[in-house]
>>> print(open('target_14.cif').read())   # mmCIF, C-alpha atoms
data_entry
#
loop_
_atom_site.label_atom_id
_atom_site.label_comp_id
_atom_site.auth_asym_id
_atom_site.auth_seq_id
_atom_site.Cartn_x
_atom_site.Cartn_y
_atom_site.Cartn_z
CA MET X 1 -4.22 -10.10 26.52
CA VAL X 2 -3.09 -11.74 23.31
CA HIS X 3 0.37 -13.22 22.93
CA LEU X 4 2.00 -13.50 19.50
CA ASP X 5 5.19 -15.36 18.68
CA LEU X 6 6.82 -13.52 15.79
CA ASP X 7 10.22 -13.97 14.23
CA GLU X 8 12.35 -10.90 13.49
CA LYS X 9 11.15 -10.54 9.90
CA GLU X 10 7.52 -10.71 11.00
CA LYS X 11 8.20 -8.04 13.65
CA GLU X 12 9.82 -5.79 11.03
CA VAL X 13 6.89 -6.17 8.64
CA LEU X 14 4.29 -5.61 11.35
CA ALA X 15 6.12 -2.52 12.62
CA ALA X 16 6.32 -1.13 9.08
CA VAL X 17 2.59 -1.71 8.51
CA LEU X 18 1.72 -0.05 11.81
CA GLU X 19 3.99 2.93 11.09
CA ARG X 20 2.46 3.39 7.64
CA SER X 21 -1.06 3.15 9.05
CA LEU X 22 -0.21 5.75 11.69
CA ALA X 23 1.17 8.10 9.05
CA ASP X 24 -1.93 7.65 6.90
CA LEU X 25 -4.18 8.28 9.90
CA SER X 26 -2.36 11.52 10.68
CA TYR X 27 -3.18 12.85 7.21
CA GLU X 28 -6.74 11.60 7.38
CA ILE X 29 -7.28 13.18 10.82
CA ALA X 30 -5.96 16.51 9.55
CA ASP X 31 -8.27 16.42 6.52
CA THR X 32 -11.42 15.37 8.39
CA ASP X 33 -14.00 18.03 9.13
CA ARG X 34 -16.50 15.91 11.08
CA LYS X 35 -15.55 15.90 14.76
CA ALA X 36 -17.12 12.51 15.52
CA PHE X 37 -15.21 10.83 12.70
CA ARG X 38 -11.98 12.63 13.66
CA ASP X 39 -12.41 11.38 17.24
CA GLU X 40 -12.85 7.81 15.96
CA LEU X 41 -9.67 8.14 13.90
CA LYS X 42 -7.76 9.51 16.90
CA ALA X 43 -8.91 6.57 19.01
CA LYS X 44 -7.77 4.18 16.30
CA ARG X 45 -4.42 6.00 16.13
CA ASP X 46 -4.01 5.63 19.88
CA VAL X 47 -4.63 1.88 19.72
CA LEU X 48 -2.19 1.41 16.84
CA SER X 49 0.43 3.49 18.68
CA LYS X 50 0.02 1.33 21.76
CA VAL X 51 0.45 -1.86 19.73
CA LEU X 52 3.54 -0.46 18.00
CA ASP X 53 5.05 0.58 21.33
CA ALA X 54 4.42 -2.90 22.76
CA LEU X 55 6.01 -4.45 19.68
CA ARG X 56 9.08 -2.25 20.01
CA LYS X 57 9.43 -3.01 23.72
CA ALA X 58 9.11 -6.73 23.07
CA SER X 59 11.69 -6.53 20.30
CA GLY X 60 14.07 -4.63 22.56
CA ALA X 61 13.59 -7.11 25.36
CA SER X 62 14.42 -9.99 23.05
CA GLY X 63 17.61 -8.34 21.84
CA ALA X 64 16.32 -7.11 18.46
#
>>> encode(input="target_14.cif", output="structure tokens")
Amino acid sequence: MVHLDLDEKEKEVLAAVLERSLADLSYEIADTDRKAFRDELKAKRDVLSKVLDALRKASGASGA
């Protein structure tokens, strides 16, 4: 497991980047016809969602 020490601004920026990437992936998944590629995108979406959830939990635990 990796541990990152981020200040509040860094957490905000990272969360925004992750949210944008997730939104972009949703559109790309919907527009993809090849099942194998769609599955890869879904796996990537799942990883990014997990990272975003962990970031939000860590921010909540620190009082942000």
>>> resolve_selection(input="target_14.cif", expression="the PyMOL selection byres ((chain X and resi 16-32) around 7)", output="list in words")
Glu12, Val13, Leu14, Ala15, Asp33, Arg34, Arg38, Leu41, Arg45, Leu48 and Leu52 of chain X
>>> atom_distance(input="target_14.cif", atom1="atom CA of Ala36 of chain X", atom2="atom CA of Ala54 of chain X")
27.5 Å
>>> residues_near_point(input="target_14.cif", point="(0.3, -12.8, 21.2)", cutoff="12 Å", atoms="all atoms listed in the file", output="ChimeraX atom specification")
/X:1-6,11,51,54-55,58
